[in-house]
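Q: Handing over model.txt, compact mmCIF, C-alpha atoms.
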```
# COMPACT_ATOMS: atom_id res chain seq x y z
CA MET H 1272 -8.72 7.95 -9.20
CA ARG H 1273 -9.95 11.50 -8.65
CA GLY H 1274 -7.92 14.63 -9.19
CA LEU H 1275 -7.60 17.51 -6.75
CA ILE H 1276 -8.21 21.20 -7.32
CA ASN H 1277 -4.93 23.09 -7.04
CA VAL H 1278 -5.50 25.62 -4.24
CA GLY H 1279 -3.14 28.50 -4.99
CA THR H 1280 0.39 27.12 -4.99
CA HIS H 1281 -0.31 23.88 -3.14
CA CYS H 1282 0.65 21.25 -5.70
CA ALA H 1283 2.87 19.82 -2.93
CA VAL H 1284 -0.18 19.21 -0.73
CA ASN H 1285 -2.03 17.56 -3.61
CA SER H 1286 0.88 15.26 -4.44
CA VAL H 1287 1.33 14.18 -0.81
CA LEU H 1288 -2.43 13.68 -0.46
CA GLN H 1289 -2.56 11.37 -3.50
CA CYS H 1290 0.24 9.23 -2.00
CA LEU H 1291 -1.56 9.09 1.35
CA TYR H 1292 -4.77 8.08 -0.39
CA VAL H 1293 -3.21 4.99 -2.01
CA THR H 1294 -1.61 3.99 1.31
CA ASP H 1295 -4.41 1.53 2.04
CA ASP H 1296 -3.69 0.92 5.76
CA PHE H 1297 -3.47 4.66 6.37
CA ARG H 1298 -6.71 5.45 4.55
CA ILE H 1299 -8.63 2.65 6.27
CA MET H 1300 -7.37 3.64 9.73
CA LEU H 1301 -8.67 7.19 9.28
CA THR H 1302 -11.89 6.48 7.46
CA GLY H 1303 -12.74 3.28 9.33
CA GLY H 1304 -12.98 1.47 6.03
CA LEU H 1305 -16.48 2.92 5.54
CA CYS H 1306 -15.97 4.76 2.28
CA GLY H 1307 -18.27 7.72 1.97
CA SER H 1308 -19.98 7.22 5.34
CA ASP H 1309 -20.55 10.01 7.81
CA ASP H 1310 -18.79 9.99 11.15
CA ALA H 1311 -20.68 11.84 13.86
CA ASP H 1312 -17.48 12.43 15.78
CA CYS H 1313 -16.08 14.34 12.80
CA ASP H 1314 -19.08 16.62 12.42
CA LYS H 1315 -18.87 18.51 15.68
CA ALA H 1316 -19.03 22.27 15.31
CA GLY H 1317 -15.56 23.78 15.15
CA ASP H 1318 -13.85 20.41 14.81
CA ASP H 1319 -11.87 21.50 11.74
CA THR H 1320 -8.55 19.89 12.66
CA VAL H 1321 -6.08 18.43 10.18
CA ALA H 1322 -7.25 14.92 11.13
CA ARG H 1323 -10.91 15.80 10.54
CA GLU H 1324 -10.32 17.53 7.19
CA LEU H 1325 -7.90 14.85 6.00
CA THR H 1326 -10.43 12.12 6.80
CA SER H 1327 -13.12 14.09 4.98
CA VAL H 1328 -11.11 14.56 1.78
CA LEU H 1329 -9.97 10.92 1.78
CA ARG H 1330 -13.61 9.84 1.92
CA ASP H 1331 -14.44 12.27 -0.85
CA MET H 1332 -11.64 10.81 -2.99
CA ASP H 1333 -13.16 7.35 -2.47
CA ARG H 1334 -16.35 8.53 -4.21
CA ASN H 1335 -14.65 8.05 -7.54
CA THR H 1336 -17.46 7.30 -9.97
CA ARG H 1337 -16.36 8.08 -13.52
CA GLY H 1338 -17.11 11.66 -14.53
CA MET H 1339 -17.09 13.14 -11.02
CA PRO H 1340 -15.33 16.51 -10.65
CA PRO H 1341 -12.00 16.81 -8.82
CA CYS H 1342 -12.04 16.97 -5.03
CA ASP H 1343 -11.48 20.23 -3.18
CA PRO H 1344 -8.59 20.03 -0.67
CA LYS H 1345 -9.02 23.66 0.50
CA PRO H 1346 -10.48 22.74 3.94
CA LEU H 1347 -7.41 20.54 4.53
CA VAL H 1348 -5.07 23.30 3.35
CA ASP H 1349 -6.81 25.74 5.71
CA ALA H 1350 -6.42 23.26 8.60
CA LEU H 1351 -2.70 22.86 7.81
CA MET H 1352 -2.41 26.66 7.78
CA ARG H 1353 -3.92 26.88 11.26
CA TYR H 1354 -1.71 24.06 12.54
CA SER H 1355 1.65 25.08 11.07
CA GLY H 1356 1.37 28.56 9.59
CA MET H 1357 1.37 27.49 5.93
CA THR H 1358 0.15 30.16 3.52
CA HIS H 1359 -1.60 30.08 0.16
CA GLU H 1360 1.03 32.39 -1.35
CA VAL H 1361 4.15 30.28 -0.68
CA GLN H 1362 5.03 26.98 -2.35
CA GLU H 1363 5.56 24.47 0.44
CA ASP H 1364 8.10 21.66 0.21
CA ALA H 1365 6.41 18.26 -0.25
CA ASP H 1366 8.58 16.63 2.44
CA THR H 1367 7.63 19.43 4.87
CA VAL H 1368 3.93 18.95 4.07
CA PHE H 1369 4.23 15.19 4.60
CA LYS H 1370 5.88 15.59 8.01
CA CYS H 1371 3.39 18.31 8.98
CA VAL H 1372 0.47 15.96 8.29
CA LEU H 1373 2.02 13.14 10.33
CA ASN H 1374 2.84 15.50 13.22
CA ALA H 1375 -0.71 16.89 13.22
CA LEU H 1376 -2.14 13.38 13.38
CA ALA H 1377 0.22 12.43 16.22
CA ASP H 1378 -0.86 15.57 18.13
CA ASP H 1379 -4.57 15.00 17.54
CA GLY H 1380 -5.15 12.88 20.64
CA ASP H 1381 -7.13 10.20 18.79
CA PRO H 1382 -5.36 6.80 19.08
CA ARG H 1383 -6.50 5.98 15.55
CA CYS H 1384 -4.71 9.07 14.21
CA LYS H 1385 -1.54 8.27 16.15
CA GLN H 1386 -1.58 4.71 14.81
CA ALA H 1387 -1.94 6.01 11.24
CA SER H 1388 0.95 8.45 11.74
CA ASP H 1389 3.17 5.68 13.16
CA LEU H 1390 2.99 3.68 9.93
CA TRP H 1391 6.06 5.64 8.74
CA THR H 1392 7.96 5.67 12.06
CA ILE H 1393 11.56 4.42 11.95
CA ARG H 1394 12.99 3.56 15.38
CA LYS H 1395 16.69 4.14 16.04
CA ARG H 1396 19.20 3.43 18.81
CA GLN H 1397 22.21 5.74 19.04
CA SER H 1398 25.41 5.00 20.94
CA ALA H 1399 27.95 7.74 21.71
CA LYS H 1400 31.17 6.21 23.11
CA CYS H 1401 34.37 7.83 24.32
CA SER H 1402 37.35 6.37 22.44
CA THR H 1403 39.56 6.66 25.55
CA CYS H 1404 37.54 5.27 28.47
CA ASN H 1405 34.64 3.68 26.55
CA ALA H 1406 32.05 5.60 28.57
CA GLU H 1407 28.84 5.22 26.60
CA CYS H 1408 25.61 7.15 26.34
CA ILE H 1409 22.59 5.43 24.75
CA SER H 1410 19.65 7.36 23.31
CA HIS H 1411 16.61 6.44 21.24
CA HIS H 1412 15.20 8.42 18.34
CA ALA H 1413 12.50 8.24 15.69
CA ALA H 1414 12.29 9.45 12.11
CA THR H 1415 9.64 9.45 9.39
CA ASN H 1416 11.89 9.07 6.36
CA VAL H 1417 15.30 8.05 5.04
CA ILE H 1418 17.22 10.84 3.34
CA VAL H 1419 19.26 9.79 0.31
CA TYR H 1420 22.19 11.90 -0.92
CA ILE H 1421 23.06 11.59 -4.60
CA GLY H 1422 25.84 12.76 -6.88
CA GLY H 1423 29.52 13.06 -6.09
CA ASN H 1424 30.85 9.89 -4.51
CA GLU H 1425 27.46 8.62 -3.39
CA PRO H 1426 25.84 5.71 -5.25
CA ASN H 1427 22.92 6.70 -7.45
CA LYS H 1428 21.31 3.27 -7.24
CA LEU H 1429 18.86 3.30 -4.35
CA GLN H 1430 19.45 -0.37 -3.54
CA ASP H 1431 23.23 0.23 -3.30
CA TYR H 1432 22.60 3.21 -1.05
CA MET H 1433 20.44 1.13 1.29
CA ASP H 1434 23.00 -1.69 1.33
CA ASP H 1435 25.72 0.76 2.44
CA TYR H 1436 23.45 2.86 4.68
CA SER H 1437 25.13 4.21 7.80
CA GLU H 1438 24.58 7.06 10.24
CA SER H 1439 27.86 6.47 12.11
CA PHE H 1440 30.40 9.25 12.47
CA ARG H 1441 33.29 10.42 14.66
CA VAL H 1442 33.58 13.68 16.61
CA SER H 1443 37.10 15.01 17.19
CA ASP H 1444 38.13 17.45 19.92
CA TYR H 1445 35.61 15.92 22.30
CA HIS H 1446 35.95 16.50 26.04
CA CYS H 1447 34.82 13.42 27.98
CA GLY H 1448 33.14 14.20 31.27
CA THR H 1449 34.00 10.74 32.62
CA CYS H 1450 37.77 10.48 32.01
CA GLN H 1451 38.26 14.25 31.64
CA GLU H 1452 40.34 13.73 28.50
CA GLU H 1453 40.35 15.61 25.19
CA THR H 1454 39.57 12.72 22.91
CA GLU H 1455 37.25 11.45 20.18
CA LEU H 1456 33.62 10.42 20.35
CA ASN H 1457 32.41 7.50 18.24
CA VAL H 1458 28.73 7.75 17.36
CA THR H 1459 26.89 4.78 15.87
CA THR H 1460 23.20 4.56 15.03
CA ASP H 1461 21.27 1.34 14.47
CA ILE H 1462 17.79 1.09 13.01
CA THR H 1463 15.95 -1.13 15.47
CA GLU H 1464 12.53 -1.06 13.84
CA LEU H 1465 11.64 -0.54 10.21
CA PRO H 1466 8.25 1.00 9.40
CA ALA H 1467 5.29 -0.60 7.68
CA VAL H 1468 5.59 2.14 5.07
CA LEU H 1469 9.02 3.51 4.14
CA CYS H 1470 9.39 7.05 2.82
CA VAL H 1471 12.62 7.84 0.97
CA THR H 1472 13.43 11.51 0.36
CA VAL H 1473 16.08 12.42 -2.24
CA ALA H 1474 18.19 15.40 -1.16
CA ARG H 1475 17.92 17.52 -4.31
CA GLY H 1476 19.17 20.80 -2.83
CA GLN H 1477 22.81 21.59 -3.64
CA ARG H 1478 24.58 24.85 -2.83
CA CYS H 1479 26.39 26.49 -5.72
CA VAL H 1480 29.65 27.90 -4.34
CA ARG H 1481 30.11 30.35 -7.19
CA ARG H 1482 26.61 31.79 -7.00
CA GLY H 1483 26.08 31.26 -3.28
CA GLU H 1484 22.56 29.91 -3.80
CA LEU H 1485 20.76 26.59 -3.63
CA MET H 1486 20.38 24.76 -6.92
CA VAL H 1487 18.50 21.58 -7.84
CA ASN H 1488 20.62 18.45 -8.25
CA THR H 1489 19.08 16.67 -11.23
CA SER H 1490 21.24 13.53 -11.04
CA ALA H 1491 19.14 10.52 -11.92
CA ILE H 1492 18.46 7.93 -9.25
CA ASP H 1493 17.77 4.29 -10.02
CA ALA H 1494 14.82 3.30 -7.81
CA PRO H 1495 13.78 -0.38 -7.93
CA GLU H 1496 10.22 -1.65 -7.79
CA GLU H 1497 11.24 -3.89 -4.87
CA LEU H 1498 13.65 -2.67 -2.21
CA ASP H 1499 15.56 -4.89 0.23
CA CYS H 1500 16.40 -3.09 3.50
CA SER H 1501 17.87 -6.10 5.34
CA ARG H 1502 21.39 -4.64 5.48
CA MET H 1503 20.35 -1.29 6.96
CA SER H 1504 18.57 -2.68 10.01
CA VAL H 1505 19.30 -4.93 13.00
CA THR H 1506 15.65 -5.95 13.16
CA SER H 1507 14.31 -9.43 12.47
CA GLN H 1508 11.21 -7.97 10.77
CA PRO H 1509 10.47 -8.49 7.08
CA THR H 1510 12.69 -6.08 5.18
CA LYS H 1511 11.41 -6.16 1.61
CA TYR H 1512 9.31 -3.32 0.26
CA GLU H 1513 7.25 -2.58 -2.85
CA LEU H 1514 7.16 0.83 -4.56
CA TYR H 1515 3.66 2.32 -4.80
CA GLY H 1516 4.05 6.10 -4.80
CA MET H 1517 6.43 8.73 -6.17
CA ILE H 1518 6.49 12.53 -5.97
CA THR H 1519 8.48 14.43 -8.58
CA HIS H 1520 9.77 17.99 -8.49
CA THR H 1521 10.58 20.09 -11.55
CA GLY H 1522 11.78 23.67 -11.80
CA PRO H 1523 13.86 25.90 -9.48
CA TYR H 1524 14.71 24.87 -5.93
CA GLU H 1525 12.71 27.67 -4.27
CA PHE H 1526 9.37 26.70 -5.82
CA GLY H 1527 8.99 24.63 -9.00
CA HIS H 1528 6.16 22.14 -9.38
CA TYR H 1529 5.19 18.85 -7.73
CA ALA H 1530 3.29 15.95 -9.30
CA ALA H 1531 2.82 12.32 -8.31
CA PHE H 1532 2.73 8.80 -9.68
CA VAL H 1533 0.66 6.40 -7.60
CA LYS H 1534 -0.20 2.73 -7.81
CA LYS H 1535 -3.78 1.64 -7.15
CA MET H 1536 -5.11 -1.87 -7.74
CA SER H 1537 -1.95 -2.83 -9.69
CA LYS H 1538 -2.27 0.13 -12.05
CA TRP H 1539 -0.03 3.20 -12.11
CA TYR H 1540 -1.53 6.67 -12.48
CA PHE H 1541 -0.02 10.10 -13.11
CA VAL H 1542 -1.79 12.72 -10.98
CA ASP H 1543 -1.13 16.45 -11.32
CA GLY H 1544 -3.81 18.62 -9.74
CA ASP H 1545 -7.10 17.76 -11.45
CA VAL H 1546 -5.33 15.76 -14.19
CA VAL H 1547 -5.40 11.97 -13.77
CA LYS H 1548 -3.94 9.67 -16.42
CA GLN H 1549 -3.31 5.94 -16.33
CA CYS H 1550 0.29 5.05 -17.17
CA PRO H 1551 0.70 2.47 -19.94
CA VAL H 1552 4.06 1.35 -18.50
CA LEU H 1553 5.94 1.61 -15.21
CA PRO H 1554 6.68 5.35 -14.66
CA LEU H 1555 10.28 4.56 -13.66
CA SER H 1556 10.92 3.77 -17.31
CA TYR H 1557 10.01 7.30 -18.40
CA TYR H 1558 13.21 9.04 -19.49
CA ASN H 1559 12.76 12.18 -17.36
CA VAL H 1560 11.36 10.69 -14.13
CA PRO H 1561 14.60 9.38 -12.45
CA ALA H 1562 16.16 12.87 -12.59
CA HIS H 1563 13.18 14.47 -10.85
CA LEU H 1564 12.27 11.88 -8.22
CA TYR H 1565 11.97 13.61 -4.84
CA MET H 1566 9.96 11.30 -2.56
CA LEU H 1567 9.34 7.58 -2.89
CA MET H 1568 6.83 5.52 -0.92
CA TYR H 1569 7.47 1.81 -0.32
CA ARG H 1570 5.15 -0.55 1.56
CA ARG H 1571 6.30 -3.71 3.27
CA LEU H 1572 5.68 -6.93 1.36
```
Show me, as structure tokens, the structure contained in the file I just sent.

A:
Amino acid sequence: MRGLINVGTHCAVNSVLQCLYVTDDFRIMLTGGLCGSDDADCDKAGDDTVARELTSVLRDMDRNTRGMPPCDPKPLVDALMRYSGMTHEVQEDADTVFKCVLNALADDGDPRCKQASDLWTIRKRQSAKCSTCNAECISHHAATNVIVYIGGNEPNKLQDYMDDYSESFRVSDYHCGTCQEETELNVTTDITELPAVLCVTVARGQRCVRRGELMVNTSAIDAPEELDCSRMSVTSQPTKYELYGMITHTGPYEFGHYAAFVKKMSKWYFVDGDVVKQCPVLPLSYYNVPAHLYMLMYRRL
């Protein structure tokens, strides 16, 4: 494993990049499986897109002979700035960075990039039905992650949360255009296709009523090494996943610091900027990790 130079305040970019690097299918799709080789299509003058710079840094990270200096992600950060308006002065949210990278790949126009981006795509079918006349509207949506809410009455075991997962809700005071009645609308959402790689984002932001500001919810979450998603989907696909990447957040809600734990060749590593350390035990067993877990990456078994 190679570390990454921290460009300004972009520890979020580095943490996301380390998770993307150990996503083997993703890395191979972008680099063509030719670690360290040159791609003529990526060397055109002015071709400094997110896809091009991401592919370049992933190849650089693959040149991981012991003693090599950390990789420089600045060209990728600059490409993300041009694509989305990110700045070097502001700490970006890791979930925002992750979605920005996937969106940039989907917009690139290269089928290989779109295929890599789609590894995280969750397909959904939503039904909105009038409770009086049963008039129904069907729509289809896609997402790149599952958001988990913790604390309060929500379960803090990730497996329990997935077992009880639901996006169904009811809208009162609804005017139906079919029966012209003031009634209720029942909305149900089914996951019709689970992704090859599942990203789980823990909603850590919590508004403090007394102070009127966003605070960090540091409730611990119990994340298993293997996750069974069979009860949250109507698909017949395999539904068991293995944990291989985690991003943690410490400090205040507005900025704080991001670091990552990643699994490569059956070994876990802690990566924080240019610091890379092999973990002697599973990081989930560390006493302070469950309270700071922000993003978890699971790959299908």

Q: Grab the CA of Phe1369 in chain H to CA of Val1287 in chain H distance for me, in Å with one decimal place.

A: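 We find that CA of Phe1369 in chain H and CA of Val1287 in chain H lie 6.2 Å from each other.
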
Q: Which residues, written as a ChimeraX atom specification, have at least one atom at most 7 Å from Met1566 in chain H, with only C-alpha atoms counted and residues fewer than 4 positions away on the same chain left out?

A: /H:1470-1473,1517-1519

Q: So which one's closest to Asp1381 in chain H, H:Leu1465, H:Ala1414, H:Met1352, H:Val1321? Using only C-alpha atoms, please.

A: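 The shortest atom-to-atom distance to Asp1381 in chain H comes from H:Val1321.
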
Q: Can you list, as a list in words, every protein, DNA or RNA residue that comes within 9 Å of Pro1341 in chain H when you count only C-alpha atoms, leaving out same-chain residues fewer than 5 positions away?

A: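 The residues satisfying every condition are Arg1273, Gly1274, Leu1275, Ile1276, Met1332, Gly1544, Asp1545 and Val1546 of chain H.
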
Q: Using all atoms listed in the file - which residues lie no farther than 9 Å from the point (14.1, 5.7, 14.0) in the file's frame? Write them as JSON, numbers by chain.

A: {"H": [1392, 1393, 1394, 1395, 1396, 1411, 1412, 1413, 1414, 1415, 1416, 1461, 1462, 1463, 1464, 1465, 1466]}

Q: So which one's closest to Ala1467 in chain H, H:Ala1387, H:Leu1288, H:Leu1301, H:Cys1371? Using only C-alpha atoms, please.

A: H:Ala1387

Q: What separation in Å, quoted to one decimal, exists between CA of Glu1497 in chain H and CA of Lys1511 in chain H?

A: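 Spanning CA of Glu1497 in chain H to CA of Lys1511 in chain H is a straight-line distance of 6.9 Å.
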
Q: For range 1427-1436 of chain H, please output as a list of chain:residue names all residues within 8 Å (counting all atoms listed in the file; exclusion window: fewer than 4 positions along the same chain).

A: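 Non-adjacent residues within range: H:Val1419, H:Ile1421, H:Gly1422, H:Ser1490, H:Ala1491, H:Ile1492, H:Asp1493, H:Ala1494, H:Pro1495, H:Leu1498, H:Asp1499, H:Cys1500, H:Ser1501, H:Arg1502, H:Met1503.
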
Q: From the list H:Ser1537, H:Gln1362, H:Thr1320, H:Thr1506, which residue is nearest Cys1550 in chain H when using all atoms listed in the file?

A: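 Closest to Cys1550 in chain H, using all atoms listed in the file: H:Ser1537.
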
Q: Using only C-alpha atoms, which protein or nucleic acid residues come within 7 Å of Tyr1445 in chain H? Drop anything in the same chain fewer than 4 positions from it, and give the result as a list in words.

A: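 Neighbouring residues, sequence-local ones excluded: Glu1453, Thr1454, Glu1455 and Leu1456 of chain H.
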
Q: Using all atoms listed in the file, can you tell me which of H:Arg1441, H:His1281, H:Lys1548, H:Lys1535 comes closest to Asp1295 in chain H?

A: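 Distance minimum relative to Asp1295 in chain H lands on H:Lys1535.
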
Q: Write out as a PDB file with C-alpha atoms, in the coordinates of the input which residues come within 9 Å of Glu1363 in chain H when counting only C-alpha atoms, dropping same-chain ones fewer than 2 positions away.

A:
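File result_26.pdb, as written:
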```pdb
ATOM      1  CA  THR H1280       0.390  27.120  -4.990  1.00  0.00           C
ATOM      2  CA  HIS H1281      -0.310  23.880  -3.140  1.00  0.00           C
ATOM      3  CA  CYS H1282       0.650  21.250  -5.700  1.00  0.00           C
ATOM      4  CA  ALA H1283       2.870  19.820  -2.930  1.00  0.00           C
ATOM      5  CA  VAL H1284      -0.180  19.210  -0.730  1.00  0.00           C
ATOM      6  CA  MET H1357       1.370  27.490   5.930  1.00  0.00           C
ATOM      7  CA  THR H1358       0.150  30.160   3.520  1.00  0.00           C
ATOM      8  CA  VAL H1361       4.150  30.280  -0.680  1.00  0.00           C
ATOM      9  CA  ALA H1365       6.410  18.260  -0.250  1.00  0.00           C
ATOM     10  CA  ASP H1366       8.580  16.630   2.440  1.00  0.00           C
ATOM     11  CA  THR H1367       7.630  19.430   4.870  1.00  0.00           C
ATOM     12  CA  VAL H1368       3.930  18.950   4.070  1.00  0.00           C
ATOM     13  CA  PHE H1526       9.370  26.700  -5.820  1.00  0.00           C
TER      14      PHE H1526
END
```

Q: Using all atoms listed in the file, pick whichever of H:Trp1539, H:Tyr1529, H:Tyr1558, H:Tyr1569 has the shortest atom-to-atom distance to Thr1510 in chain H.

A: H:Tyr1569

Q: State, in Å with one decimal place, the distance from CA of Leu1351 in chain H to CA of Pro1523 in chain H.

A: 24.1 Å
